[in-house]
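A.B. asks: Before I ask anything, let me first share the structure, which is written out below as structure tokens.
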Amino acid sequence: MSKKRRDQLDIFDLIFGVSFTLWYLVSQVIIMIAKILMFGYDVVTIYQSGYKEKSGNGLFKTYFNKGLMGEFRLYRKLTRVAPRSNIFTNVYIPGKHTTHTELDLVLISDRGILLYEIKNYSGSIYGSKSDVYWTQVLSYFIKNKFYNPIRQNNLHHQSLASYLNVNQSEIVPIISFTNRSKLQRIDVDHRHYVLQTKDTIAFTKKILKDGPILFDQLAINQMLYMLKAASLKGLDIKDAHIQEVTQLVNK
């Protein structure tokens with residue numbers, strides 16, 4: 001190969017290397033700016049949306065807790081389609097197998113009660129109604145098991161119906177996974193809703209718009225009063241609930 005040809009290749013390699021480095025640096029700066037803007041949006045809306053007041057969880061407790069962060073982001077989206085006063089988070093009511101059971105999010109409307117179990121998981125999700133545990137697959141080498149959320153939410157469903165003195169048919173139980181998840185093989189029947197966040201919001205809008213009227217304002221006011229009384233419980237109740245659930249799982 002001639003010296004001139006080698007020089008041309010060296011110049012090409014140099015230009016390619018510099019261009020790739022610049023592209024990489026610019027892309028990283030854009031990603032960093034996007035993360036900063038998202039963090040700022042989260043900071044503002046944790047307080048602006050009423051989540052802090054509703055849940056008792058401030059910025060740092062929420063931001064560094066995966067479960068609470070998933071709960072907050074779904075709560076924030078729900079406040080855009082329903083009155084904030086009708087949405088409750090971290091609700092503690094009498095449980096079936098424990099003194100209390102914790103409900104992630106509850107939305108009260110004249111067209112029914114929507115009960116959300118939130119799973120802030122990424123990766124591919126596999127499971128069926130009959131499985132005791134479902135599987136989260138992050139890679140070929142990383143697979144995690146978690147308790148069947150259908151079974152988990154069924155207990156919540158029964159407890160909420162009993163607490164509010166309504167028919168179970170008047171409550172819509174929803175399992176909501178983050179949009180970062182892929183619901184690969186989810187085998188459930190038509191009575192169970194396992195959705196990503198975007199579909200959870202679309203489904204909620206449909207019920208609030210097209211669902212049959214089930215409750216009058218008097219009934220709604222009574223349920224709002226009861227759920228408000230069951231919210232913002234002290235650490236003693238929360239810690240006792242965690243211990244009871246842990247003991248139940250370990251049996």
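Ordering of the structure tokens sets the chain letters (A, B, ...); residue numbers start at 1 within each chain; ligands are numbered from 1 in the order shown.
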Would you list the contacts of region 124-137 of chain A as a list of chain:residue names, taking every protein, DNA or RNA residue within 7 Å and counting only C-alpha atoms, but skipping same-chain residues closer than 5 positions in sequence?

C.D. replies: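 The residues satisfying every condition are A:Ile142, A:Lys143, A:Asn144, A:Lys145, A:Phe146, A:Tyr147, A:Asn148, A:Ile150, A:Ser181, A:Lys182, A:Leu183, A:Gln184, A:Arg185, A:Ile186, A:Asp187, A:Val188.
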
A.B. asks: Take the residues that were just selected and, keeping C-alpha atoms, output them as a short mmCIF file (atom, residue, chain, number, x, y, z; two decimals), in the first residue's frame.

C.D. replies:
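The resulting file, result_35.cif, is shown below:
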```cif
data_model
loop_
_atom_site.label_atom_id
_atom_site.label_comp_id
_atom_site.auth_asym_id
_atom_site.auth_seq_id
_atom_site.Cartn_x
_atom_site.Cartn_y
_atom_site.Cartn_z
CA ILE A 142 -31.17 -12.78 35.62
CA LYS A 143 -34.64 -14.03 36.52
CA ASN A 144 -36.63 -13.03 39.58
CA LYS A 145 -39.73 -14.57 41.14
CA PHE A 146 -42.47 -12.50 42.78
CA TYR A 147 -45.79 -13.41 44.36
CA ASN A 148 -48.68 -13.67 41.92
CA ILE A 150 -53.60 -11.54 40.94
CA SER A 181 -42.00 -3.92 31.30
CA LYS A 182 -43.02 -6.35 28.56
CA LEU A 183 -46.06 -8.45 29.40
CA GLN A 184 -44.96 -11.47 27.39
CA ARG A 185 -47.18 -14.37 28.42
CA ILE A 186 -49.83 -13.34 30.91
CA ASP A 187 -52.58 -15.96 31.11
CA VAL A 188 -55.56 -14.49 32.99
#
```

A.B. asks: What lies within 8 Å of Ser231 (chain A) using only C-alpha atoms, ignoring chain neighbours under 5 positions off, as a tab-separated table (two decimals) with N, CA and C atoms, in the first residue's frame?

C.D. replies:
```
chain	number	residue	atom	x	y	z
A	54	LYS	N	-51.25	13.37	50.28
A	54	LYS	CA	-52.08	12.16	50.28
A	54	LYS	C	-51.37	10.98	50.92
A	55	SER	N	-50.07	10.83	50.62
A	55	SER	CA	-49.34	9.63	51.05
A	55	SER	C	-48.51	9.83	52.30
A	88	PHE	N	-56.86	7.85	46.43
A	88	PHE	CA	-56.23	7.58	47.72
A	88	PHE	C	-55.05	6.64	47.53
A	89	THR	N	-54.02	6.87	48.31
A	89	THR	CA	-52.82	6.04	48.23
A	89	THR	C	-52.40	5.60	49.63
A	90	ASN	N	-51.72	4.45	49.70
A	90	ASN	CA	-51.28	3.90	50.99
A	90	ASN	C	-52.43	3.78	51.97
A	91	VAL	N	-53.47	3.09	51.54
A	91	VAL	CA	-54.67	2.91	52.37
A	91	VAL	C	-54.52	1.63	53.19
A	92	TYR	N	-54.76	1.71	54.50
A	92	TYR	CA	-54.68	0.55	55.39
A	92	TYR	C	-56.07	0.24	55.93
```

A.B. asks: Name the closest residue to Thr101 (chain A) among the candidates A:Lys209, A:His156, A:Arg191, A:Arg73; distances are taken between atoms, counting only C-alpha atoms.

C.D. replies: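 The shortest atom-to-atom distance to Thr101 (chain A) comes from A:His156.
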
A.B. asks: Work out how far apart CA of Val81 (chain A) and CA of Tyr163 (chain A) are and give it in Å to one decimal.

C.D. replies: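 One can read the CA of Val81 (chain A) to CA of Tyr163 (chain A) distance as 25.4 Å.
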
A.B. asks: Would you compute the distance between CA of Lys119 (chain A) and CA of Arg76 (chain A)? Give it in Å to one decimal.

C.D. replies: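 Distance between the two atoms: 15.5 Å.
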
A.B. asks: Pick out the residues sitting within 8 Å of Gln158 (chain A), and hand them over as a list in words; count only C-alpha atoms, and ignore anything fewer than 3 positions along from it in its own chain.

C.D. replies: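 Close residues of Gln158 (chain A): Lys96, Asn154, Leu155, Ala161, Ser162 and Gln168 of chain A.
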
A.B. asks: Those residues with N, CA and C atoms, as an mmCIF file, in the first residue's frame please?

C.D. replies:
```
data_model
loop_
_atom_site.group_PDB
_atom_site.id
_atom_site.type_symbol
_atom_site.label_atom_id
_atom_site.label_comp_id
_atom_site.auth_asym_id
_atom_site.auth_seq_id
_atom_site.Cartn_x
_atom_site.Cartn_y
_atom_site.Cartn_z
ATOM 1 N N LYS A 96 -57.847 -9.751 55.544
ATOM 2 C CA LYS A 96 -58.458 -11.072 55.701
ATOM 3 C C LYS A 96 -57.562 -11.988 56.520
ATOM 4 N N ASN A 154 -56.557 -10.021 44.761
ATOM 5 C CA ASN A 154 -57.828 -10.648 45.110
ATOM 6 C C ASN A 154 -58.146 -10.443 46.593
ATOM 7 N N LEU A 155 -57.117 -10.597 47.432
ATOM 8 C CA LEU A 155 -57.306 -10.372 48.873
ATOM 9 C C LEU A 155 -57.635 -8.906 49.155
ATOM 10 N N ALA A 161 -64.030 -4.460 49.516
ATOM 11 C CA ALA A 161 -65.487 -4.618 49.402
ATOM 12 C C ALA A 161 -66.115 -4.716 50.787
ATOM 13 N N SER A 162 -65.469 -5.467 51.673
ATOM 14 C CA SER A 162 -65.988 -5.624 53.035
ATOM 15 C C SER A 162 -65.919 -4.305 53.796
ATOM 16 N N GLN A 168 -68.450 -6.923 45.426
ATOM 17 C CA GLN A 168 -67.152 -7.052 44.763
ATOM 18 C C GLN A 168 -67.248 -6.694 43.283
#
```

A.B. asks: Out of region 28-185 of chain A, which residues get strand (DSSP E) from DSSP, as a PyMOL selection string?

C.D. replies: chain A and resi 87-94+100-109+112-119+123-128+133-137+143-147+171-177+181-185

A.B. asks: At a cut-off of 12 Å, using only C-alpha atoms, what residues contact Ala219 (chain A)? Leave out same-chain residues fewer than 6 positions from it and give the result as a JSON list (two decimals) with N, CA and C atoms, in the first residue's frame.

C.D. replies:
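File produced: part_9.json:
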```
[["chain", "number", "residue", "atom", "x", "y", "z"],
["A", 108, "ILE", "N", -62.20, 6.44, 43.55],
["A", 108, "ILE", "CA", -63.65, 6.36, 43.74],
["A", 108, "ILE", "C", -64.34, 7.19, 42.66],
["A", 109, "SER", "N", -65.33, 6.60, 42.00],
["A", 109, "SER", "CA", -66.13, 7.33, 41.02],
["A", 109, "SER", "C", -67.56, 6.82, 41.05],
["A", 110, "ASP", "N", -68.46, 7.56, 40.41],
["A", 110, "ASP", "CA", -69.85, 7.11, 40.37],
["A", 110, "ASP", "C", -70.02, 5.88, 39.48],
["A", 111, "ARG", "N", -68.99, 5.56, 38.70],
["A", 111, "ARG", "CA", -69.05, 4.41, 37.80],
["A", 111, "ARG", "C", -68.28, 3.20, 38.32],
["A", 112, "GLY", "N", -67.91, 3.27, 39.57],
["A", 112, "GLY", "CA", -67.24, 2.12, 40.18],
["A", 112, "GLY", "C", -66.01, 2.52, 40.97],
["A", 113, "ILE", "N", -65.45, 1.55, 41.66],
["A", 113, "ILE", "CA", -64.25, 1.74, 42.46],
["A", 113, "ILE", "C", -63.10, 1.04, 41.74],
["A", 164, "LEU", "N", -65.86, -1.17, 52.64],
["A", 164, "LEU", "CA", -66.76, -0.15, 52.12],
["A", 164, "LEU", "C", -68.21, -0.62, 52.06],
["A", 165, "ASN", "N", -68.41, -1.91, 52.37],
["A", 165, "ASN", "CA", -69.75, -2.49, 52.32],
["A", 165, "ASN", "C", -70.38, -2.35, 50.94],
["A", 166, "VAL", "N", -69.63, -2.77, 49.91],
["A", 166, "VAL", "CA", -70.12, -2.77, 48.54],
["A", 166, "VAL", "C", -69.96, -4.17, 47.97],
["A", 213, "ILE", "N", -73.55, 3.91, 35.68],
["A", 213, "ILE", "CA", -73.60, 4.60, 36.96],
["A", 213, "ILE", "C", -73.94, 3.59, 38.06],
["A", 225, "TYR", "N", -65.09, 9.46, 52.81],
["A", 225, "TYR", "CA", -64.86, 9.66, 54.24],
["A", 225, "TYR", "C", -64.14, 8.45, 54.85],
["A", 226, "MET", "N", -64.59, 7.24, 54.47],
["A", 226, "MET", "CA", -64.01, 6.02, 55.04],
["A", 226, "MET", "C", -62.57, 5.81, 54.56]]
```

A.B. asks: Write out as a list of chain:residue names each polymer residue whose atoms come within 10 Å of Gly58 (chain A), counting only C-alpha atoms; drop sequence neighbours fewer than 4 positions from it.

C.D. replies: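 That gives A:Val43, A:Ile46, A:Tyr47, A:Tyr51, A:Lys52, A:Glu53, A:Thr62, A:Tyr63.
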
A.B. asks: Could you write out that same residue set with C-alpha atoms as a CSV table (one decimal), in the first residue's frame?

C.D. replies:
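Generated file (out_32.csv):
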```
chain,number,residue,atom,x,y,z
A,43,VAL,CA,-39.7,17.3,42.4
A,46,ILE,CA,-44.6,15.4,44.1
A,47,TYR,CA,-45.9,18.4,45.9
A,51,TYR,CA,-49.0,13.2,46.5
A,52,LYS,CA,-47.0,14.3,49.5
A,53,GLU,CA,-50.2,15.4,51.3
A,62,THR,CA,-40.4,8.6,47.3
A,63,TYR,CA,-37.5,9.1,44.9
```

A.B. asks: Where does DSSP see alpha helix (DSSP H) in region 17-224 of chain A, if you list the residues as a count of residues only?

C.D. replies: 93

A.B. asks: Could you give me, as a PyMOL selection string, the residues within 12 Å of Leu107 (chain A), counting only C-alpha atoms and dropping anything in the same chain fewer than 2 positions from it?

C.D. replies: chain A and resi 74-75+78-79+81-89+91+103-105+109-117+160+171-174+201+204-205+207-208+220+223-224+227-228
